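See structure below.
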Amino acid sequence: MATSTTVSFPLPSSRRRLRWRGERIQRLLARDRTLGYLFLFPAILVIVGLVAYPFASAIVMTFQAKTAGTPGRFIGLDNYRELLQSEQFLRTVVNTVVYTAVGVGVKFLLGLSMALVLNQERFCNNLFRSFLLIPWAIPTVMSALNWRWMFDDASGLINNILVRLNLIDETISWLSNPHLAMFSVIVVVVWQGTPFFTMSFLAGLQAIPKELYEAAEIDGASVLQQFSHITLPRLRPIFITAVMLSAILTSAGIQFVLILTNGGPADRTMIFPVLAYNLALGGAQRLGMGAAVSLIFFPILVVFIVFLTRRMLREKGE
Amino acid sequence: MALRMTAQRRAFQALGNGILVLMLLWTAIPFYWMIATSLKHDKEIYGYEATLIPEKPTLDNYATVFRETPYLTFLRNSVVVAAGSTAVSLVIACLGAYAIARLNFPGRALLARGLVFTYLVPTSLLFIPMFAMMSVLRLTDSLHGLIIAYLGFDVPFCTWLLMGYFKSVPVELEEAARVDGCNRVTALVRIVLPMSLPAIVVVTFFSFTHAWNEFLYAHVFTSTTSARTVTTGLVNFMSQDVFFWGPLMASTVMSALPPVLMFLVFQRWVVKGLTLGGVKG
């Protein structure tokens, strides 16, 4: 990076008449430091104004009783105390863990099998691949709306088919039965999120050199041996990244639960972003309580975030 | 030996084909139901005469959406917000990524780290203080407010993606240009940007679809029809009793179409850009 300050370039004659001040600005702009901060200034403004400041004010808010548009009243740790004592919050913690772990786990397994299948050679494979990735491209809100309709008690597709096949006598309340609601929501999460894993894993599979498999074949390794000794170890870095990214986005994703069940029935599908939303914006508008819910989950998320930050920067040669 | 290998391979190929068929069905059935519902009369949607395949396909539901709902307003808002936030974040991200990739100054590594970190902080941790902030700034119920809010996600992501590409543009090209009288800005515009065109395409795709698909901020920051985008608008339809599934599925199909078409067109680049650090897990 020694180039920036040492290169001097001949100016055309018209510009030689530039006034002294203009030349000074030019010289200043030729310096990396000035230009670097100048170029990054808008980005810094965005980070500070739209992430750092809101985050800091969220922390302050958790110690306040506050509604929108009014200044908060300081109440110390009352919000946290109330949350930790409430059964709803404890249920939310358990639900969030189950929802995320099961959702990510199933997406992972389905995504891996889809990627392996699509990595085989076959007629029209590219077409199948494009098609299988479409659920990822559909806006999540649209998928959630569509699934809510598919799960509909009276006329939804799923009950419709089950009745036609004489498998059930009475229609099933997929989203309002306390024992089924979580399962139903996770089905939707998996439908929407599997393609992300497929895409990541498929890219990883295609990056493995073919020679490795050829050599293994000559040595007499079976297909399964090749899978466990070549494929799995090679995909490991992608596994870790995909799982962490998906864990962050699944646990913090609000659309599916909000649209399908709004946390019900009886909090059976309540996960932390939905609880935060309902506390802060539903009815009582307790912004401090809502912010406290999110912040309690932040320490877990931040472990993933820091780890991923390092990986994503290494990938870009930082 | 070789024979056993081929038999094994064939078995796995057959298994693969079986799984593929199941996966295609699993993926296709929800689409089918969405489109089929949007083409049915109410009589075929509800009750005992409900059908699996539309017997008398009709576009009535689509007509209803345009005639009786503010869907066109939502559509226009989504386009404005998506285009606006994409344009602004592209400019900010190009400058920022260039600085991180090419210039040497104290704090550079820290800023790069801060950007990626910011991108990974989910909006569900921020929407409450953001709502309070937007209320104070009187930016709720406004498209400007949404455009600004979306920069918080788009700028870090675009900067991160672009800086990798910018680094891969040979420095020598830029040096040559600067000997010929280019300054940093013209070198960025004339040399680095044209050579990073694939990355610009990916970044445009991501920020446009992100803004188009975004729900939480849009839902929290808007409460009037005139400022709603498609996502929050449709969810709001659902909570009104008067609105039924036929027209709702028609508007869902129409709202899902633009990002899906964009994805199919740009797929090759998108998959590449997504291998690490994609959106929506």
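Naming scheme: A, B, ... for chains in displayed order of the structure tokens; residues 1 onward per chain; ligands 1 onward as shown.
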
Find the nearest atom pair between each residue of chain A and chain B for residues within 7 Å, count only C-alpha atoms, give distances in Å to one decimal, sort rows by chain and ascending number, and present the table as JSON lines.
```
{"residue": "A:Met1", "atom": "CA", "partner": "B:Asn104", "partner_atom": "CA", "distance": 6.6}
{"residue": "A:Phe9", "atom": "CA", "partner": "B:Val179", "partner_atom": "CA", "distance": 5.7}
{"residue": "A:Asp32", "atom": "CA", "partner": "B:Leu103", "partner_atom": "CA", "distance": 5.3}
{"residue": "A:Arg33", "atom": "CA", "partner": "B:Phe105", "partner_atom": "CA", "distance": 4.8}
{"residue": "A:Gly36", "atom": "CA", "partner": "B:Ala99", "partner_atom": "CA", "distance": 5.0}
{"residue": "A:Phe39", "atom": "CA", "partner": "B:Leu95", "partner_atom": "CA", "distance": 5.0}
{"residue": "A:Leu40", "atom": "CA", "partner": "B:Gly96", "partner_atom": "CA", "distance": 4.5}
{"residue": "A:Pro42", "atom": "CA", "partner": "B:Ile92", "partner_atom": "CA", "distance": 6.1}
{"residue": "A:Ala43", "atom": "CA", "partner": "B:Ile92", "partner_atom": "CA", "distance": 6.1}
{"residue": "A:Val46", "atom": "CA", "partner": "B:Gly152", "partner_atom": "CA", "distance": 5.9}
{"residue": "A:Ile47", "atom": "CA", "partner": "B:Gly152", "partner_atom": "CA", "distance": 6.5}
{"residue": "A:Leu50", "atom": "CA", "partner": "B:Gly152", "partner_atom": "CA", "distance": 5.3}
{"residue": "A:Val51", "atom": "CA", "partner": "B:Gly152", "partner_atom": "CA", "distance": 6.5}
{"residue": "A:Pro54", "atom": "CA", "partner": "B:Pro129", "partner_atom": "CA", "distance": 5.2}
{"residue": "A:Phe55", "atom": "CA", "partner": "B:Leu126", "partner_atom": "CA", "distance": 6.3}
{"residue": "A:Ser57", "atom": "CA", "partner": "B:Pro129", "partner_atom": "CA", "distance": 6.3}
{"residue": "A:Ala58", "atom": "CA", "partner": "B:Pro129", "partner_atom": "CA", "distance": 5.4}
{"residue": "A:Ala68", "atom": "CA", "partner": "B:Ala132", "partner_atom": "CA", "distance": 5.6}
{"residue": "A:Gly69", "atom": "CA", "partner": "B:Ser135", "partner_atom": "CA", "distance": 6.3}
{"residue": "A:Val117", "atom": "CA", "partner": "B:Gly16", "partner_atom": "CA", "distance": 5.0}
{"residue": "A:Leu132", "atom": "CA", "partner": "B:Thr27", "partner_atom": "CA", "distance": 6.4}
{"residue": "A:Ile134", "atom": "CA", "partner": "B:Val260", "partner_atom": "CA", "distance": 6.6}
{"residue": "A:Ala137", "atom": "CA", "partner": "B:Val260", "partner_atom": "CA", "distance": 5.3}
{"residue": "A:Ile138", "atom": "CA", "partner": "B:Ala256", "partner_atom": "CA", "distance": 5.4}
{"residue": "A:Pro139", "atom": "CA", "partner": "B:Asn213", "partner_atom": "CA", "distance": 4.9}
{"residue": "A:Thr140", "atom": "CA", "partner": "B:Asn213", "partner_atom": "CA", "distance": 6.9}
{"residue": "A:Val141", "atom": "CA", "partner": "B:Thr231", "partner_atom": "CA", "distance": 6.2}
{"residue": "A:Met142", "atom": "CA", "partner": "B:Thr252", "partner_atom": "CA", "distance": 5.6}
{"residue": "A:Asn146", "atom": "CA", "partner": "B:Met34", "partner_atom": "CA", "distance": 6.2}
{"residue": "A:Ser155", "atom": "CA", "partner": "B:Tyr46", "partner_atom": "CA", "distance": 5.5}
{"residue": "A:Gly193", "atom": "CA", "partner": "B:Gly281", "partner_atom": "CA", "distance": 5.6}
{"residue": "A:Phe196", "atom": "CA", "partner": "B:Gly281", "partner_atom": "CA", "distance": 5.9}
{"residue": "A:Met199", "atom": "CA", "partner": "B:Val271", "partner_atom": "CA", "distance": 6.5}
{"residue": "A:Ser200", "atom": "CA", "partner": "B:Thr275", "partner_atom": "CA", "distance": 4.9}
{"residue": "A:Ala203", "atom": "CA", "partner": "B:Thr275", "partner_atom": "CA", "distance": 6.5}
{"residue": "A:Leu245", "atom": "CA", "partner": "B:Gly281", "partner_atom": "CA", "distance": 6.3}
{"residue": "A:Ser246", "atom": "CA", "partner": "B:Gly281", "partner_atom": "CA", "distance": 4.1}
{"residue": "A:Leu249", "atom": "CA", "partner": "B:Gly281", "partner_atom": "CA", "distance": 5.7}
{"residue": "A:Thr250", "atom": "CA", "partner": "B:Gly281", "partner_atom": "CA", "distance": 6.6}
{"residue": "A:Ala252", "atom": "CA", "partner": "B:Ser124", "partner_atom": "CA", "distance": 5.9}
{"residue": "A:Pro273", "atom": "CA", "partner": "B:Ser124", "partner_atom": "CA", "distance": 5.8}
{"residue": "A:Ala280", "atom": "CA", "partner": "B:Ile128", "partner_atom": "CA", "distance": 7.0}
{"residue": "A:Leu287", "atom": "CA", "partner": "B:Ile128", "partner_atom": "CA", "distance": 6.5}
{"residue": "A:Ala291", "atom": "CA", "partner": "B:Ile128", "partner_atom": "CA", "distance": 6.3}
{"residue": "A:Ser294", "atom": "CA", "partner": "B:Leu125", "partner_atom": "CA", "distance": 5.4}
{"residue": "A:Ile305", "atom": "CA", "partner": "B:Leu120", "partner_atom": "CA", "distance": 6.1}
{"residue": "A:Val306", "atom": "CA", "partner": "B:Phe117", "partner_atom": "CA", "distance": 6.9}
{"residue": "A:Thr309", "atom": "CA", "partner": "B:Phe117", "partner_atom": "CA", "distance": 5.7}
{"residue": "A:Met312", "atom": "CA", "partner": "B:Gly277", "partner_atom": "CA", "distance": 6.8}
{"residue": "A:Lys316", "atom": "CA", "partner": "B:Gly164", "partner_atom": "CA", "distance": 4.8}
```

* Contacts of Phe239 in chain A within 12 Å, only C-alpha atoms, excl. fewer than 4 positions in-chain, as a PyMOL selection string -> (chain A and resi 104-105+107-109+111-112+196-205+231-235+243-247) or (chain B and resi 275-276)

* DSSP on the backbone: what in range 40-246 of chain A comes out alpha helix (DSSP H), as a ChimeraX atom specification? -> /A:40-47,53-61,78-85,87-119,125-137,140-150,157-164,181-206,210-218,223-226,232-246

* To do: Quick one: pull the distance between CA of Gly156 in chain A and CA of Thr171 in chain A, Å, one decimal.
  => 9.6 Å

* To do: For range 87-101 of chain A, list every protein, DNA or RNA residue within 10 Å, evaluated using only C-alpha atoms, and leave out those in the same chain fewer than 3 positions away; present the list as a PyMOL selection string.
  => chain A and resi 82-84+104-107+182-183+185-186+189+243+246-253+263+266-275+293+296-297

Create the file for the chosen residues now, containing C-alpha atoms and written as a CSV table (one decimal), in the first residue's frame.
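And here is the file that came out, result_9.csv:
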```
chain,number,residue,atom,x,y,z
A,82,GLU,CA,-40.6,-9.7,36.7
A,83,LEU,CA,-39.5,-11.6,33.6
A,84,LEU,CA,-37.5,-14.2,35.4
A,104,VAL,CA,-32.1,-26.2,12.4
A,105,GLY,CA,-31.4,-29.9,12.9
A,106,VAL,CA,-34.1,-31.0,10.4
A,107,LYS,CA,-33.1,-28.3,7.9
A,182,MET,CA,-45.1,-26.3,17.7
A,183,PHE,CA,-44.8,-29.2,15.3
A,185,VAL,CA,-44.8,-24.2,12.9
A,186,ILE,CA,-41.5,-26.1,12.6
A,189,VAL,CA,-39.7,-23.3,9.1
A,243,VAL,CA,-25.7,-24.0,11.4
A,246,SER,CA,-29.3,-20.5,10.7
A,247,ALA,CA,-29.5,-20.7,14.5
A,248,ILE,CA,-29.3,-16.9,14.7
A,249,LEU,CA,-31.8,-16.3,12.0
A,250,THR,CA,-34.2,-19.0,13.1
A,251,SER,CA,-34.3,-18.1,16.8
A,252,ALA,CA,-34.6,-14.4,16.0
A,253,GLY,CA,-37.1,-14.8,13.1
A,263,GLY,CA,-47.3,-17.6,20.1
A,266,ALA,CA,-51.5,-20.9,25.6
A,267,ASP,CA,-47.9,-19.8,24.8
A,268,ARG,CA,-47.0,-23.2,23.3
A,269,THR,CA,-45.2,-21.7,20.4
A,270,MET,CA,-44.1,-18.5,22.1
A,271,ILE,CA,-40.5,-17.7,21.1
A,272,PHE,CA,-38.5,-14.7,22.3
A,273,PRO,CA,-38.9,-12.2,19.4
A,274,VAL,CA,-42.7,-12.8,19.5
A,275,LEU,CA,-42.8,-12.3,23.2
A,293,VAL,CA,-36.7,-10.1,26.7
A,296,ILE,CA,-31.6,-11.6,27.8
A,297,PHE,CA,-31.1,-13.7,24.7
```
